[in-house]
>>> print(open('structure.txt').read())   # compact mmCIF, N, CA and C atoms
# COMPACT_ATOMS: atom_id res chain seq x y z
N ASN U 1 11.26 10.98 11.96
CA ASN U 1 10.16 10.13 12.33
C ASN U 1 10.45 8.71 11.86
N GLU U 2 10.52 7.77 12.78
CA GLU U 2 10.91 6.40 12.48
C GLU U 2 10.03 5.72 11.42
N PRO U 3 8.68 5.82 11.49
CA PRO U 3 7.88 5.16 10.45
C PRO U 3 8.18 5.66 9.04
N LYS U 4 8.56 6.94 8.94
CA LYS U 4 8.91 7.47 7.62
C LYS U 4 10.13 6.77 7.04
N ILE U 5 11.06 6.39 7.88
CA ILE U 5 12.25 5.67 7.40
C ILE U 5 11.83 4.35 6.76
N TYR U 6 10.91 3.65 7.42
CA TYR U 6 10.43 2.38 6.87
C TYR U 6 9.67 2.60 5.56
N LYS U 7 8.92 3.68 5.50
CA LYS U 7 8.20 4.00 4.27
C LYS U 7 9.18 4.31 3.14
N TYR U 8 10.24 5.05 3.44
CA TYR U 8 11.25 5.36 2.42
C TYR U 8 11.98 4.10 1.96
N MET U 9 12.25 3.19 2.90
CA MET U 9 12.88 1.92 2.52
C MET U 9 11.96 1.14 1.59
N SER U 10 10.67 1.18 1.88
CA SER U 10 9.73 0.47 1.00
C SER U 10 9.72 1.07 -0.40
N ASP U 11 9.88 2.39 -0.50
CA ASP U 11 9.94 3.04 -1.82
C ASP U 11 11.05 2.46 -2.68
N ILE U 12 12.19 2.22 -2.05
CA ILE U 12 13.33 1.65 -2.78
C ILE U 12 12.96 0.30 -3.36
N TYR U 13 12.33 -0.55 -2.55
CA TYR U 13 11.99 -1.89 -3.01
C TYR U 13 10.85 -1.88 -4.03
N ILE U 14 9.93 -0.94 -3.91
CA ILE U 14 8.88 -0.82 -4.94
C ILE U 14 9.53 -0.45 -6.28
N LYS U 15 10.46 0.50 -6.25
CA LYS U 15 11.13 0.93 -7.49
C LYS U 15 11.97 -0.20 -8.09
N GLU U 16 12.45 -1.11 -7.23
CA GLU U 16 13.22 -2.26 -7.71
C GLU U 16 12.32 -3.44 -8.06
N ASP U 17 11.00 -3.21 -8.05
CA ASP U 17 10.00 -4.23 -8.34
C ASP U 17 10.11 -5.42 -7.39
N LYS U 18 10.27 -5.10 -6.10
CA LYS U 18 10.32 -6.11 -5.04
C LYS U 18 9.25 -5.79 -4.00
N PRO U 19 7.96 -5.94 -4.39
CA PRO U 19 6.90 -5.54 -3.48
C PRO U 19 6.85 -6.37 -2.19
N ASP U 20 7.28 -7.64 -2.25
CA ASP U 20 7.27 -8.45 -1.03
C ASP U 20 8.21 -7.86 0.02
N LYS U 21 9.37 -7.41 -0.42
CA LYS U 21 10.32 -6.78 0.50
C LYS U 21 9.78 -5.43 0.99
N ALA U 22 9.15 -4.69 0.11
CA ALA U 22 8.54 -3.41 0.50
C ALA U 22 7.49 -3.63 1.58
N LEU U 23 6.72 -4.71 1.45
CA LEU U 23 5.68 -4.99 2.44
C LEU U 23 6.26 -5.19 3.83
N GLU U 24 7.43 -5.79 3.92
CA GLU U 24 8.06 -5.99 5.23
C GLU U 24 8.23 -4.64 5.94
N TYR U 25 8.70 -3.65 5.22
CA TYR U 25 8.93 -2.33 5.81
C TYR U 25 7.62 -1.58 6.05
N LEU U 26 6.67 -1.73 5.15
CA LEU U 26 5.40 -1.03 5.31
C LEU U 26 4.60 -1.58 6.50
N ILE U 27 4.67 -2.87 6.72
CA ILE U 27 3.97 -3.45 7.87
C ILE U 27 4.55 -2.91 9.17
N ILE U 28 5.88 -2.79 9.22
CA ILE U 28 6.51 -2.20 10.41
C ILE U 28 6.07 -0.75 10.57
N ALA U 29 6.09 0.01 9.49
CA ALA U 29 5.68 1.42 9.55
C ALA U 29 4.24 1.54 10.05
N ASN U 30 3.37 0.67 9.55
CA ASN U 30 1.97 0.72 9.96
C ASN U 30 1.80 0.29 11.42
N ASP U 31 2.57 -0.69 11.85
CA ASP U 31 2.50 -1.13 13.25
C ASP U 31 2.94 -0.02 14.21
N ARG U 32 3.94 0.74 13.79
CA ARG U 32 4.50 1.76 14.68
C ARG U 32 3.75 3.09 14.60
N ASN U 33 3.01 3.28 13.54
CA ASN U 33 2.26 4.52 13.36
C ASN U 33 0.97 4.19 12.60
N PRO U 34 0.02 3.53 13.29
CA PRO U 34 -1.19 3.08 12.60
C PRO U 34 -2.10 4.24 12.19
N ASP U 35 -2.99 3.90 11.30
CA ASP U 35 -4.04 4.83 10.86
C ASP U 35 -3.50 6.02 10.09
N GLN U 36 -2.43 5.81 9.34
CA GLN U 36 -1.89 6.86 8.47
C GLN U 36 -2.30 6.54 7.03
N PRO U 37 -3.17 7.35 6.43
CA PRO U 37 -3.67 7.05 5.09
C PRO U 37 -2.57 6.83 4.04
N ASP U 38 -1.48 7.58 4.13
CA ASP U 38 -0.41 7.40 3.14
C ASP U 38 0.23 6.02 3.25
N ILE U 39 0.49 5.58 4.48
CA ILE U 39 1.09 4.26 4.66
C ILE U 39 0.09 3.17 4.24
N LEU U 40 -1.17 3.34 4.59
CA LEU U 40 -2.19 2.37 4.18
C LEU U 40 -2.30 2.31 2.66
N ASN U 41 -2.20 3.46 1.99
CA ASN U 41 -2.22 3.48 0.54
C ASN U 41 -1.02 2.72 -0.03
N TYR U 42 0.15 2.94 0.54
CA TYR U 42 1.34 2.23 0.06
C TYR U 42 1.23 0.73 0.31
N LEU U 43 0.64 0.34 1.45
CA LEU U 43 0.40 -1.08 1.70
C LEU U 43 -0.49 -1.66 0.62
N GLY U 44 -1.56 -0.95 0.29
CA GLY U 44 -2.44 -1.40 -0.79
C GLY U 44 -1.70 -1.51 -2.11
N PHE U 45 -0.89 -0.52 -2.40
CA PHE U 45 -0.13 -0.52 -3.65
C PHE U 45 0.81 -1.72 -3.72
N ALA U 46 1.53 -1.99 -2.62
CA ALA U 46 2.47 -3.11 -2.60
C ALA U 46 1.74 -4.44 -2.74
N PHE U 47 0.61 -4.58 -2.04
CA PHE U 47 -0.16 -5.81 -2.19
C PHE U 47 -0.66 -5.97 -3.62
N ARG U 48 -1.11 -4.88 -4.24
CA ARG U 48 -1.57 -4.96 -5.62
C ARG U 48 -0.44 -5.40 -6.54
N LYS U 49 0.78 -4.90 -6.27
CA LYS U 49 1.94 -5.29 -7.10
C LYS U 49 2.25 -6.79 -6.95
N THR U 50 1.89 -7.39 -5.79
CA THR U 50 2.12 -8.83 -5.62
C THR U 50 1.00 -9.65 -6.27
N GLY U 51 -0.07 -8.97 -6.68
CA GLY U 51 -1.21 -9.67 -7.26
C GLY U 51 -2.30 -9.98 -6.25
N ASP U 52 -2.12 -9.55 -5.00
CA ASP U 52 -3.12 -9.79 -3.96
C ASP U 52 -4.08 -8.60 -3.93
N PHE U 53 -5.05 -8.64 -4.83
CA PHE U 53 -5.96 -7.52 -5.00
C PHE U 53 -6.91 -7.37 -3.81
N ILE U 54 -7.24 -8.48 -3.17
CA ILE U 54 -8.15 -8.40 -2.02
C ILE U 54 -7.49 -7.63 -0.87
N MET U 55 -6.26 -8.00 -0.53
CA MET U 55 -5.56 -7.28 0.54
C MET U 55 -5.32 -5.83 0.15
N ALA U 56 -5.05 -5.59 -1.12
CA ALA U 56 -4.87 -4.21 -1.59
C ALA U 56 -6.13 -3.40 -1.30
N GLU U 57 -7.28 -3.97 -1.65
CA GLU U 57 -8.54 -3.26 -1.43
C GLU U 57 -8.79 -3.02 0.06
N VAL U 58 -8.40 -3.98 0.90
CA VAL U 58 -8.58 -3.82 2.34
C VAL U 58 -7.82 -2.59 2.83
N TYR U 59 -6.55 -2.47 2.42
CA TYR U 59 -5.74 -1.34 2.90
C TYR U 59 -6.16 -0.02 2.28
N TYR U 60 -6.50 -0.02 0.99
CA TYR U 60 -7.00 1.22 0.39
C TYR U 60 -8.25 1.69 1.13
N SER U 61 -9.14 0.75 1.41
CA SER U 61 -10.40 1.09 2.09
C SER U 61 -10.16 1.61 3.50
N GLN U 62 -9.21 1.01 4.21
CA GLN U 62 -8.88 1.51 5.55
C GLN U 62 -8.40 2.95 5.49
N GLY U 63 -7.54 3.24 4.52
CA GLY U 63 -7.05 4.60 4.37
C GLY U 63 -8.16 5.58 4.02
N LEU U 64 -9.10 5.11 3.19
CA LEU U 64 -10.20 5.98 2.79
C LEU U 64 -11.21 6.20 3.90
N GLU U 65 -11.30 5.27 4.84
CA GLU U 65 -12.16 5.49 6.00
C GLU U 65 -11.62 6.66 6.84
N ILE U 66 -10.31 6.80 6.88
CA ILE U 66 -9.68 7.87 7.65
C ILE U 66 -9.72 9.18 6.88
N ASN U 67 -9.44 9.10 5.58
CA ASN U 67 -9.44 10.30 4.73
C ASN U 67 -10.12 9.96 3.41
N PRO U 68 -11.43 10.16 3.32
CA PRO U 68 -12.17 9.83 2.10
C PRO U 68 -11.72 10.61 0.86
N ASN U 69 -11.00 11.69 1.06
CA ASN U 69 -10.55 12.52 -0.06
C ASN U 69 -9.12 12.22 -0.49
N HIS U 70 -8.55 11.13 -0.01
CA HIS U 70 -7.17 10.78 -0.37
C HIS U 70 -7.16 10.38 -1.85
N THR U 71 -6.64 11.28 -2.67
CA THR U 71 -6.70 11.11 -4.12
C THR U 71 -6.04 9.82 -4.58
N ASN U 72 -4.83 9.55 -4.12
CA ASN U 72 -4.12 8.35 -4.57
C ASN U 72 -4.82 7.08 -4.15
N ALA U 73 -5.34 7.04 -2.93
CA ALA U 73 -6.05 5.84 -2.46
C ALA U 73 -7.32 5.61 -3.28
N ASN U 74 -8.04 6.67 -3.59
CA ASN U 74 -9.24 6.53 -4.43
C ASN U 74 -8.87 6.01 -5.81
N TYR U 75 -7.86 6.58 -6.41
CA TYR U 75 -7.41 6.14 -7.73
C TYR U 75 -6.94 4.69 -7.69
N ASN U 76 -6.09 4.37 -6.72
CA ASN U 76 -5.53 3.03 -6.64
C ASN U 76 -6.59 1.98 -6.34
N LEU U 77 -7.57 2.31 -5.52
CA LEU U 77 -8.66 1.38 -5.24
C LEU U 77 -9.41 1.07 -6.53
N GLY U 78 -9.74 2.09 -7.29
CA GLY U 78 -10.43 1.87 -8.57
C GLY U 78 -9.60 1.05 -9.53
N LEU U 79 -8.32 1.35 -9.61
CA LEU U 79 -7.43 0.61 -10.49
C LEU U 79 -7.32 -0.85 -10.05
N GLY U 80 -7.21 -1.08 -8.74
CA GLY U 80 -7.11 -2.44 -8.23
C GLY U 80 -8.36 -3.25 -8.52
N ILE U 81 -9.52 -2.63 -8.35
CA ILE U 81 -10.78 -3.33 -8.65
C ILE U 81 -10.84 -3.68 -10.13
N ALA U 82 -10.46 -2.76 -10.98
CA ALA U 82 -10.45 -3.02 -12.42
C ALA U 82 -9.48 -4.16 -12.76
N GLN U 83 -8.29 -4.15 -12.18
CA GLN U 83 -7.32 -5.21 -12.45
C GLN U 83 -7.83 -6.56 -11.95
N ARG U 84 -8.45 -6.58 -10.78
CA ARG U 84 -9.01 -7.84 -10.25
C ARG U 84 -10.09 -8.36 -11.17
N ASN U 85 -10.96 -7.47 -11.66
CA ASN U 85 -12.03 -7.89 -12.57
C ASN U 85 -11.50 -8.43 -13.87
N ILE U 86 -10.44 -7.83 -14.39
CA ILE U 86 -9.82 -8.32 -15.63
C ILE U 86 -9.19 -9.68 -15.39
N LYS U 87 -8.50 -9.83 -14.27
CA LYS U 87 -7.84 -11.09 -13.94
C LYS U 87 -8.85 -12.22 -13.76
N ASN U 88 -10.02 -11.90 -13.22
CA ASN U 88 -11.03 -12.92 -12.94
C ASN U 88 -11.87 -13.29 -14.15
N LYS U 89 -11.69 -12.63 -15.26
CA LYS U 89 -12.47 -12.96 -16.48
C LYS U 89 -11.93 -14.20 -17.14
>>> encode(input="structure.txt", output="structure tokens")
Amino acid sequence: NEPKIYKYMSDIYIKEDKPDKALEYLIIANDRNPDQPDILNYLGFAFRKTGDFIMAEVYYSQGLEINPNHTNANYNLGLGIAQRNIKNK
């Protein structure tokens, strides 16, 4: 599955602490296979790693609209909100 290849490439860049590069691959994966909660969660995670908490929340929320029980998206959304609140203090 082609979108999975892009998701796997993004994993490499996340592990190398290069979230901007990971986002390039995740955006392609999402464009080619939209509405996949796992990809949306990874997009949120990568945006959070760049410090863009608003975009992270957007993608986590999109994934949760599709699958409200997505454990990682729920956890990551909560963590992102907490990090944004700490940063804004």
>>> select_by_dssp(input="structure.txt", residues="chain U", states="helix (DSSP H, G or I)", output="count of residues only")
73
>>> residues_around(input="structure.txt", residues="Leu79 in chain U", least_positions_apart="6", cutoff="12 Å", atoms="only C-alpha atoms", output="ChimeraX atom specification")
/U:44-45,48-49,53,56-57,60,72-73,85-86
>>> write_last_selection(input="structure.txt", atoms="N, CA and C atoms", output="mmCIF file, keeping the file's coordinate frame")
data_model
loop_
_atom_site.group_PDB
_atom_site.id
_atom_site.type_symbol
_atom_site.label_atom_id
_atom_site.label_comp_id
_atom_site.auth_asym_id
_atom_site.auth_seq_id
_atom_site.Cartn_x
_atom_site.Cartn_y
_atom_site.Cartn_z
ATOM 1 N N GLY U 44 -1.560 -0.950 0.290
ATOM 2 C CA GLY U 44 -2.440 -1.400 -0.790
ATOM 3 C C GLY U 44 -1.700 -1.510 -2.110
ATOM 4 N N PHE U 45 -0.890 -0.520 -2.400
ATOM 5 C CA PHE U 45 -0.130 -0.520 -3.650
ATOM 6 C C PHE U 45 0.810 -1.720 -3.720
ATOM 7 N N ARG U 48 -1.110 -4.880 -4.240
ATOM 8 C CA ARG U 48 -1.570 -4.960 -5.620
ATOM 9 C C ARG U 48 -0.440 -5.400 -6.540
ATOM 10 N N LYS U 49 0.780 -4.900 -6.270
ATOM 11 C CA LYS U 49 1.940 -5.290 -7.100
ATOM 12 C C LYS U 49 2.250 -6.790 -6.950
ATOM 13 N N PHE U 53 -5.050 -8.640 -4.830
ATOM 14 C CA PHE U 53 -5.960 -7.520 -5.000
ATOM 15 C C PHE U 53 -6.910 -7.370 -3.810
ATOM 16 N N ALA U 56 -5.050 -5.590 -1.120
ATOM 17 C CA ALA U 56 -4.870 -4.210 -1.590
ATOM 18 C C ALA U 56 -6.130 -3.400 -1.300
ATOM 19 N N GLU U 57 -7.280 -3.970 -1.650
ATOM 20 C CA GLU U 57 -8.540 -3.260 -1.430
ATOM 21 C C GLU U 57 -8.790 -3.020 0.060
ATOM 22 N N TYR U 60 -6.500 -0.020 0.990
ATOM 23 C CA TYR U 60 -7.000 1.220 0.390
ATOM 24 C C TYR U 60 -8.250 1.690 1.130
ATOM 25 N N ASN U 72 -4.830 9.550 -4.120
ATOM 26 C CA ASN U 72 -4.120 8.350 -4.570
ATOM 27 C C ASN U 72 -4.820 7.080 -4.150
ATOM 28 N N ALA U 73 -5.340 7.040 -2.930
ATOM 29 C CA ALA U 73 -6.050 5.840 -2.460
ATOM 30 C C ALA U 73 -7.320 5.610 -3.280
ATOM 31 N N ASN U 85 -10.960 -7.470 -11.660
ATOM 32 C CA ASN U 85 -12.030 -7.890 -12.570
ATOM 33 C C ASN U 85 -11.500 -8.430 -13.870
ATOM 34 N N ILE U 86 -10.440 -7.830 -14.390
ATOM 35 C CA ILE U 86 -9.820 -8.320 -15.630
ATOM 36 C C ILE U 86 -9.190 -9.680 -15.390
#
>>> closest_residue(input="structure.txt", among="U:Asn69, U:Ser10, U:Ser61, U:Asn30", to="Ile81 in chain U", atoms="only C-alpha atoms")
U:Ser61
>>> closest_atom_pairs(input="structure.txt", of="range 32-65 of chain U", to="range 11-23 of chain U", cutoff="7 Å", atoms="all atoms listed in the file", output="CSV")
residue,atom,partner,partner_atom,distance
U:Leu43,CA,U:Leu23,CA,6.6
U:Ala46,CA,U:Pro19,CA,5.1
U:Phe47,N,U:Pro19,C,6.5
U:Lys49,C,U:Pro19,CA,5.9
U:Thr50,N,U:Pro19,CA,5.8
>>> closest_residue(input="structure.txt", among="U:Asn67, U:Ile54, U:Ile28, U:Asn33", to="Arg84 in chain U", atoms="only N, CA and C atoms")
U:Ile54
>>> build_atoms(input="structure.txt", residues="range 36-54 of chain U", atoms="N, CA, C and O atoms", output="PDB file, in the coordinates of the input")
ATOM      1  N   GLN U  36      -2.430   5.810   9.340  1.00  0.00           N
ATOM      2  CA  GLN U  36      -1.890   6.860   8.470  1.00  0.00           C
ATOM      3  C   GLN U  36      -2.300   6.540   7.030  1.00  0.00           C
ATOM      4  O   GLN U  36      -1.839   5.553   6.454  1.00  0.00           O
ATOM      5  N   PRO U  37      -3.170   7.350   6.430  1.00  0.00           N
ATOM      6  CA  PRO U  37      -3.670   7.050   5.090  1.00  0.00           C
ATOM      7  C   PRO U  37      -2.570   6.830   4.040  1.00  0.00           C
ATOM      8  O   PRO U  37      -2.719   5.967   3.171  1.00  0.00           O
ATOM      9  N   ASP U  38      -1.480   7.580   4.130  1.00  0.00           N
ATOM     10  CA  ASP U  38      -0.410   7.400   3.140  1.00  0.00           C
ATOM     11  C   ASP U  38       0.230   6.020   3.250  1.00  0.00           C
ATOM     12  O   ASP U  38       0.476   5.356   2.237  1.00  0.00           O
ATOM     13  N   ILE U  39       0.490   5.580   4.480  1.00  0.00           N
ATOM     14  CA  ILE U  39       1.090   4.260   4.660  1.00  0.00           C
ATOM     15  C   ILE U  39       0.090   3.170   4.240  1.00  0.00           C
ATOM     16  O   ILE U  39       0.468   2.195   3.582  1.00  0.00           O
ATOM     17  N   LEU U  40      -1.170   3.340   4.590  1.00  0.00           N
ATOM     18  CA  LEU U  40      -2.190   2.370   4.180  1.00  0.00           C
ATOM     19  C   LEU U  40      -2.300   2.310   2.660  1.00  0.00           C
ATOM     20  O   LEU U  40      -2.450   1.227   2.078  1.00  0.00           O
ATOM     21  N   ASN U  41      -2.200   3.460   1.990  1.00  0.00           N
ATOM     22  CA  ASN U  41      -2.220   3.480   0.540  1.00  0.00           C
ATOM     23  C   ASN U  41      -1.020   2.720  -0.030  1.00  0.00           C
ATOM     24  O   ASN U  41      -1.153   1.944  -0.973  1.00  0.00           O
ATOM     25  N   TYR U  42       0.150   2.940   0.540  1.00  0.00           N
ATOM     26  CA  TYR U  42       1.340   2.230   0.060  1.00  0.00           C
ATOM     27  C   TYR U  42       1.230   0.730   0.310  1.00  0.00           C
ATOM     28  O   TYR U  42       1.675  -0.079  -0.505  1.00  0.00           O
ATOM     29  N   LEU U  43       0.640   0.340   1.450  1.00  0.00           N
ATOM     30  CA  LEU U  43       0.400  -1.080   1.700  1.00  0.00           C
ATOM     31  C   LEU U  43      -0.490  -1.660   0.620  1.00  0.00           C
ATOM     32  O   LEU U  43      -0.218  -2.740   0.070  1.00  0.00           O
ATOM     33  N   GLY U  44      -1.560  -0.950   0.290  1.00  0.00           N
ATOM     34  CA  GLY U  44      -2.440  -1.400  -0.790  1.00  0.00           C
ATOM     35  C   GLY U  44      -1.700  -1.510  -2.110  1.00  0.00           C
ATOM     36  O   GLY U  44      -1.860  -2.495  -2.840  1.00  0.00           O
ATOM     37  N   PHE U  45      -0.890  -0.520  -2.400  1.00  0.00           N
ATOM     38  CA  PHE U  45      -0.130  -0.520  -3.650  1.00  0.00           C
ATOM     39  C   PHE U  45       0.810  -1.720  -3.720  1.00  0.00           C
ATOM     40  O   PHE U  45       0.882  -2.409  -4.736  1.00  0.00           O
ATOM     41  N   ALA U  46       1.530  -1.990  -2.620  1.00  0.00           N
ATOM     42  CA  ALA U  46       2.470  -3.110  -2.600  1.00  0.00           C
ATOM     43  C   ALA U  46       1.740  -4.440  -2.740  1.00  0.00           C
ATOM     44  O   ALA U  46       2.187  -5.327  -3.484  1.00  0.00           O
ATOM     45  N   PHE U  47       0.610  -4.580  -2.040  1.00  0.00           N
ATOM     46  CA  PHE U  47      -0.160  -5.810  -2.190  1.00  0.00           C
ATOM     47  C   PHE U  47      -0.660  -5.970  -3.620  1.00  0.00           C
ATOM     48  O   PHE U  47      -0.658  -7.073  -4.173  1.00  0.00           O
ATOM     49  N   ARG U  48      -1.110  -4.880  -4.240  1.00  0.00           N
ATOM     50  CA  ARG U  48      -1.570  -4.960  -5.620  1.00  0.00           C
ATOM     51  C   ARG U  48      -0.440  -5.400  -6.540  1.00  0.00           C
ATOM     52  O   ARG U  48      -0.645  -6.202  -7.447  1.00  0.00           O
ATOM     53  N   LYS U  49       0.780  -4.900  -6.270  1.00  0.00           N
ATOM     54  CA  LYS U  49       1.940  -5.290  -7.100  1.00  0.00           C
ATOM     55  C   LYS U  49       2.250  -6.790  -6.950  1.00  0.00           C
ATOM     56  O   LYS U  49       2.819  -7.382  -7.852  1.00  0.00           O
ATOM     57  N   THR U  50       1.890  -7.390  -5.790  1.00  0.00           N
ATOM     58  CA  THR U  50       2.120  -8.830  -5.620  1.00  0.00           C
ATOM     59  C   THR U  50       1.000  -9.650  -6.270  1.00  0.00           C
ATOM     60  O   THR U  50       1.094 -10.866  -6.339  1.00  0.00           O
ATOM     61  N   GLY U  51      -0.070  -8.970  -6.680  1.00  0.00           N
ATOM     62  CA  GLY U  51      -1.210  -9.670  -7.260  1.00  0.00           C
ATOM     63  C   GLY U  51      -2.300  -9.980  -6.250  1.00  0.00           C
ATOM     64  O   GLY U  51      -3.298 -10.613  -6.588  1.00  0.00           O
ATOM     65  N   ASP U  52      -2.120  -9.550  -5.000  1.00  0.00           N
ATOM     66  CA  ASP U  52      -3.120  -9.790  -3.960  1.00  0.00           C
ATOM     67  C   ASP U  52      -4.080  -8.600  -3.930  1.00  0.00           C
ATOM     68  O   ASP U  52      -3.958  -7.697  -3.113  1.00  0.00           O
ATOM     69  N   PHE U  53      -5.050  -8.640  -4.830  1.00  0.00           N
ATOM     70  CA  PHE U  53      -5.960  -7.520  -5.000  1.00  0.00           C
ATOM     71  C   PHE U  53      -6.910  -7.370  -3.810  1.00  0.00           C
ATOM     72  O   PHE U  53      -7.314  -6.255  -3.482  1.00  0.00           O
ATOM     73  N   ILE U  54      -7.240  -8.480  -3.170  1.00  0.00           N
ATOM     74  CA  ILE U  54      -8.150  -8.400  -2.020  1.00  0.00           C
ATOM     75  C   ILE U  54      -7.490  -7.630  -0.870  1.00  0.00           C
ATOM     76  O   ILE U  54      -8.093  -6.718  -0.302  1.00  0.00           O
TER      77      ILE U  54
END
